Amino acid sequence: MTAVVQTEGLTKYYGKRRGLEDLTLEIQPGEVFGYLGPNGAGKTTTIRLLLDVIRPTRGTVRVLGGDPREPATRARMGYLPGDLVLEERDRAIDYLRFLGRARGGVPAARIEALAERFDADLSVPMRKLSKGNKQKIGLIQAFMHEPEFVILDEPTAGLDPLVQQEFLALVREVRTSGRTVLMSSHVLAEVENVSDRVGIVRAGRLVAVENVAVLREKAVRRVELHFESPVPRDAFDDLPGVRDLRVEGAGVSCTIDGRPDALIKAAARFTVVHLVSAEPDLEEIFLTYYSHEEAHHDHPQPA
Ligand SMILES: Nc1ncnc2c1ncn2[C@@H]1O[C@H](COP(=O)(O)OP(=O)(O)OP(=O)(O)O)[C@@H](O)[C@H]1O
């Protein structure tokens, strides 16, 4: 199977300023890859290299098995830029039809169906659209020619929650059809529900690539259980992965590292009336990666 993205030692300097350093990454067909990092980390630089908007200082990049410089490769891709600029005088519908023709013909019904999903008004001049409504036009043009590989730079910026849900549903459909998505964000919550893997970039370097399922399993979560009648503390003492245990009457609360299996089995001996489990906070895991990286770079050990 040919990788959709394959980079080796990909590096970009803007003069002396580092944009991206030594990125080696593969993304496989049918994957949704979340690309995360704080402002200035190098996300947009990576995306522009994949699209041949800028050229690498060194290293190699292949996209869909080809050279991103080839128009034939570009034609198989969809792209939502982070700094979307739209021709202000045009109506959105005219702009989308124009792009559709330039891309070899996109059925009008497909444009209309996407507009309906995103509740986008295509009939007004684009200068009259709010930021969120402009972003919808950007998303429609990124998906409407059904590209094999969609690259989205901060796609959910400015979208209201309902439209965000619709967008995530569309990304899942694209994956189901075997196509591939790369989406960047500086907010983990925006990508974790839809991504198969997440790459974390910081200060121009890829710090970690993790399977989202693995991240979730590693994650720390807070759990509260309420029972029908008071439970003995020793039933919950020394369970693997359980810490910060508090038992007060019929209530038990604790923090779980990894799997909740031992706690669930201990609790199952009593009658559980209520259970609350806070979503794992993946931000904390990322902070762990970040601080390792910092320790490595900023405080080198003497040889
Ligand atoms: N055209 C440019 N000229 C000079 N430096 C640049 C240029 N574009 C990016 N940089 C620098 O490269 C580094 C990475 O920037 P990049 O835009 O790739 O980050 P990002 O992760 O996309 O951040 P953001 O979320 O803020 O868009 C930053 O230090 C930035 O200042």
# chains A, B, ... in the order shown; residues from 1 in each chain; ligands from 1
$ residues_around --residues "Ser185 of chain A" --least-positions-apart "4" --cutoff "10 Å" --atoms "only C-alpha atoms" --output "PyMOL selection string"
chain A and resi 34-39+43-44+82+152-157+189-191+200
$ select_by_dssp --residues "segment 31-66 of chain A" --states "strand (DSSP E or B)" --output "PyMOL selection string"
chain A and resi 32-36+58-63+66
$ write_last_selection --atoms "N, CA and C atoms" --output "JSON list (two decimals), in the first residue's frame"
[["chain", "number", "residue", "atom", "x", "y", "z"],
["A", 32, "VAL", "N", -7.21, 9.16, 9.49],
["A", 32, "VAL", "CA", -7.40, 10.57, 9.86],
["A", 32, "VAL", "C", -6.28, 10.90, 10.83],
["A", 33, "PHE", "N", -5.45, 11.84, 10.42],
["A", 33, "PHE", "CA", -4.27, 12.18, 11.22],
["A", 33, "PHE", "C", -4.45, 13.57, 11.80],
["A", 34, "GLY", "N", -4.43, 13.67, 13.12],
["A", 34, "GLY", "CA", -4.53, 14.97, 13.80],
["A", 34, "GLY", "C", -3.13, 15.52, 14.01],
["A", 35, "TYR", "N", -2.93, 16.77, 13.60],
["A", 35, "TYR", "CA", -1.59, 17.35, 13.69],
["A", 35, "TYR", "C", -1.67, 18.51, 14.67],
["A", 36, "LEU", "N", -1.10, 18.30, 15.83],
["A", 36, "LEU", "CA", -1.33, 19.21, 16.95],
["A", 36, "LEU", "C", -0.08, 19.93, 17.38],
["A", 58, "ARG", "N", 15.85, 21.08, 3.11],
["A", 58, "ARG", "CA", 16.39, 19.76, 2.79],
["A", 58, "ARG", "C", 15.37, 18.70, 3.17],
["A", 59, "GLY", "N", 15.68, 17.46, 2.78],
["A", 59, "GLY", "CA", 14.75, 16.37, 3.06],
["A", 59, "GLY", "C", 13.84, 16.11, 1.86],
["A", 60, "THR", "N", 13.05, 15.05, 1.98],
["A", 60, "THR", "CA", 12.18, 14.68, 0.85],
["A", 60, "THR", "C", 10.73, 14.60, 1.30],
["A", 61, "VAL", "N", 9.86, 14.80, 0.34],
["A", 61, "VAL", "CA", 8.43, 14.70, 0.60],
["A", 61, "VAL", "C", 7.73, 14.06, -0.59],
["A", 62, "ARG", "N", 6.92, 13.04, -0.32],
["A", 62, "ARG", "CA", 6.08, 12.44, -1.36],
["A", 62, "ARG", "C", 4.64, 12.42, -0.85],
["A", 63, "VAL", "N", 3.73, 12.72, -1.76],
["A", 63, "VAL", "CA", 2.32, 12.76, -1.41],
["A", 63, "VAL", "C", 1.56, 11.90, -2.42],
["A", 66, "GLY", "N", 3.44, 10.41, -5.19],
["A", 66, "GLY", "CA", 4.05, 11.25, -6.24],
["A", 66, "GLY", "C", 4.76, 12.46, -5.65]]
$ closest_atom_pairs --of "chain A" --to "ligand 1" --cutoff "7 Å" --atoms "only C-alpha atoms and all ligand atoms" --output "tab-separated table"
residue	atom	partner	partner_atom_place_in_ligand_line	distance
A:Tyr14	CA	ligand 1	4 (C)	4.8
A:Arg17	CA	ligand 1	5 (N)	5.8
A:Arg18	CA	ligand 1	12 (O)	5.6
A:Gly19	CA	ligand 1	12 (O)	3.5
A:Leu20	CA	ligand 1	14 (C)	6.6
A:Gly37	CA	ligand 1	21 (O)	5.9
A:Pro38	CA	ligand 1	25 (O)	5.9
A:Asn39	CA	ligand 1	26 (O)	3.4
A:Gly40	CA	ligand 1	19 (O)	3.4
A:Ala41	CA	ligand 1	21 (O)	3.6
A:Gly42	CA	ligand 1	18 (O)	3.2
A:Lys43	CA	ligand 1	21 (O)	3.7
A:Thr44	CA	ligand 1	22 (O)	3.5
A:Thr45	CA	ligand 1	18 (O)	3.6
A:Thr46	CA	ligand 1	18 (O)	6.4
A:His186	CA	ligand 1	25 (O)	6.3
A:Gly204	CA	ligand 1	14 (C)	6.4
$ write_last_selection --atoms "N, CA and C atoms" --output "short mmCIF file (atom, residue, chain, number, x, y, z; two decimals), in the first residue's frame"
data_model
loop_
_atom_site.label_atom_id
_atom_site.label_comp_id
_atom_site.auth_asym_id
_atom_site.auth_seq_id
_atom_site.Cartn_x
_atom_site.Cartn_y
_atom_site.Cartn_z
N TYR A 14 13.28 29.52 7.18
CA TYR A 14 12.98 30.79 6.52
C TYR A 14 14.18 31.68 6.82
N ARG A 17 15.52 31.50 10.32
CA ARG A 17 14.43 31.13 11.22
C ARG A 17 13.94 29.72 10.93
N ARG A 18 13.85 28.92 12.00
CA ARG A 18 13.44 27.54 11.80
C ARG A 18 11.92 27.43 11.67
N GLY A 19 11.48 26.79 10.62
CA GLY A 19 10.05 26.53 10.45
C GLY A 19 9.73 25.10 10.84
N LEU A 20 10.58 24.15 10.32
CA LEU A 20 10.36 22.73 10.58
C LEU A 20 11.72 22.04 10.51
N GLY A 37 -0.26 21.17 17.78
CA GLY A 37 0.88 21.89 18.34
C GLY A 37 0.46 23.32 18.65
N PRO A 38 1.19 23.98 19.54
CA PRO A 38 0.86 25.36 19.86
C PRO A 38 1.20 26.30 18.70
N ASN A 39 0.80 27.55 18.81
CA ASN A 39 1.08 28.53 17.75
C ASN A 39 2.57 28.58 17.46
N GLY A 40 2.88 28.62 16.16
CA GLY A 40 4.29 28.76 15.76
C GLY A 40 5.07 27.45 15.80
N ALA A 41 4.39 26.33 16.01
CA ALA A 41 5.09 25.04 16.16
C ALA A 41 5.65 24.52 14.84
N GLY A 42 4.98 24.83 13.74
CA GLY A 42 5.44 24.33 12.44
C GLY A 42 4.36 23.57 11.68
N LYS A 43 3.12 23.66 12.12
CA LYS A 43 2.03 22.92 11.48
C LYS A 43 1.79 23.43 10.06
N THR A 44 1.63 24.75 9.95
CA THR A 44 1.35 25.34 8.64
C THR A 44 2.53 25.14 7.70
N THR A 45 3.73 25.24 8.23
CA THR A 45 4.93 25.00 7.41
C THR A 45 4.89 23.59 6.83
N THR A 46 4.55 22.60 7.66
CA THR A 46 4.46 21.21 7.18
C THR A 46 3.43 21.11 6.06
N HIS A 186 -4.59 23.54 17.33
CA HIS A 186 -3.82 23.71 18.57
C HIS A 186 -4.68 23.30 19.77
N GLY A 204 9.09 23.29 15.92
CA GLY A 204 9.62 22.79 14.66
C GLY A 204 9.90 21.30 14.63
#
$ closest_residue --among "A:Pro125, A:Glu146, A:Pro107, A:Ala120" --to "Leu159 of chain A" --atoms "only C-alpha atoms"
A:Ala120
$ residues_around --residues "Thr176 of chain A" --least-positions-apart "5" --cutoff "10 Å" --atoms "only C-alpha atoms" --output "list in words"
Gly30, Glu31, Leu170 and Val171 of chain A
$ residues_around --residues "Ser253 of chain A" --least-positions-apart "4" --cutoff "7 Å" --atoms "only C-alpha atoms" --output "MDAnalysis selection string"
chainID A and resid 223:225 245:247
$ write_last_selection --atoms "N, CA and C atoms" --output "mmCIF file, in the first residue's frame"
data_model
loop_
_atom_site.group_PDB
_atom_site.id
_atom_site.type_symbol
_atom_site.label_atom_id
_atom_site.label_comp_id
_atom_site.auth_asym_id
_atom_site.auth_seq_id
_atom_site.Cartn_x
_atom_site.Cartn_y
_atom_site.Cartn_z
ATOM 1 N N VAL A 223 -12.830 9.067 38.572
ATOM 2 C CA VAL A 223 -14.058 8.271 38.580
ATOM 3 C C VAL A 223 -14.769 8.425 39.925
ATOM 4 N N GLU A 224 -16.090 8.520 39.875
ATOM 5 C CA GLU A 224 -16.912 8.537 41.094
ATOM 6 C C GLU A 224 -17.971 7.463 40.993
ATOM 7 N N LEU A 225 -18.145 6.712 42.084
ATOM 8 C CA LEU A 225 -19.169 5.661 42.108
ATOM 9 C C LEU A 225 -20.066 5.893 43.313
ATOM 10 N N LEU A 245 -7.639 7.309 46.416
ATOM 11 C CA LEU A 245 -8.917 6.681 46.768
ATOM 12 C C LEU A 245 -9.568 7.377 47.959
ATOM 13 N N ARG A 246 -10.877 7.661 47.799
ATOM 14 C CA ARG A 246 -11.666 8.166 48.939
ATOM 15 C C ARG A 246 -12.939 7.345 49.033
ATOM 16 N N VAL A 247 -13.184 6.811 50.227
ATOM 17 C CA VAL A 247 -14.432 6.067 50.436
ATOM 18 C C VAL A 247 -15.189 6.775 51.556
#
$ select_by_dssp --residues "segment 33-159 of chain A" --states "helix (DSSP H, G or I)" --output "ChimeraX atom specification"
/A:43-50,71-74,92-102,108-117,126-128,131-143
$ residues_around --residues "Asp119 of chain A" --least-positions-apart "4" --cutoff "9 Å" --atoms "only C-alpha atoms" --output "PDB file with C-alpha atoms, in the first residue's frame"
ATOM      1  CA  LEU A 114     -22.564  20.286   1.192  1.00  0.00           C
ATOM      2  CA  ALA A 115     -24.020  23.794   1.564  1.00  0.00           C
ATOM      3  CA  ASN A 133     -19.692  31.405   7.310  1.00  0.00           C
ATOM      4  CA  LYS A 136     -17.947  26.923   5.669  1.00  0.00           C
ATOM      5  CA  VAL A 163     -21.569  22.802  12.262  1.00  0.00           C
TER       6      VAL A 163
END
$ residues_around --residues "Leu86 of chain A" --least-positions-apart "5" --cutoff "9 Å" --atoms "only C-alpha atoms" --output "list in words"
Ala92, Tyr95, Met126, Arg127, Lys134, Ile137 and Gly138 of chain A
$ closest_residue --among "A:Val201, A:Leu206, A:Ala75, A:Val85" --to "Ala102 of chain A" --atoms "only C-alpha atoms"
A:Ala75
$ residues_around --residues "Arg222 of chain A" --least-positions-apart "6" --cutoff "8 Å" --atoms "only C-alpha atoms" --output "CSV table (one decimal) with N, CA and C atoms, in the first residue's frame"
chain,number,residue,atom,x,y,z
A,253,SER,N,-14.6,7.7,45.3
A,253,SER,CA,-14.0,8.4,44.2
A,253,SER,C,-12.5,8.1,44.2
A,254,CYS,N,-11.9,8.1,43.0
A,254,CYS,CA,-10.5,7.8,42.8
A,254,CYS,C,-10.0,8.3,41.4
A,255,THR,N,-8.7,8.2,41.2
A,255,THR,CA,-8.1,8.5,39.9
A,255,THR,C,-7.6,7.2,39.3
A,256,ILE,N,-7.8,7.0,38.0
A,256,ILE,CA,-7.4,5.7,37.4
A,256,ILE,C,-6.3,6.0,36.4
A,277,SER,N,-17.6,9.2,35.1
A,277,SER,CA,-16.2,9.1,34.7
A,277,SER,C,-15.8,10.3,33.8
A,278,ALA,N,-14.9,11.2,34.3
A,278,ALA,CA,-14.6,12.3,33.5
A,278,ALA,C,-13.7,11.9,32.3
A,280,PRO,N,-10.9,11.4,29.7
A,280,PRO,CA,-9.4,11.5,29.9
A,280,PRO,C,-8.9,12.8,29.4
$ atom_distance --atom1 "atom CA of Gln135 of chain A" --atom2 "atom CA of Gly158 of chain A"
7.2 Å
$ closest_residue --among "A:Pro147, A:Gly251, A:Gly199, A:Pro260" --to "Tyr79 of chain A" --atoms "only C-alpha atoms"
A:Pro147
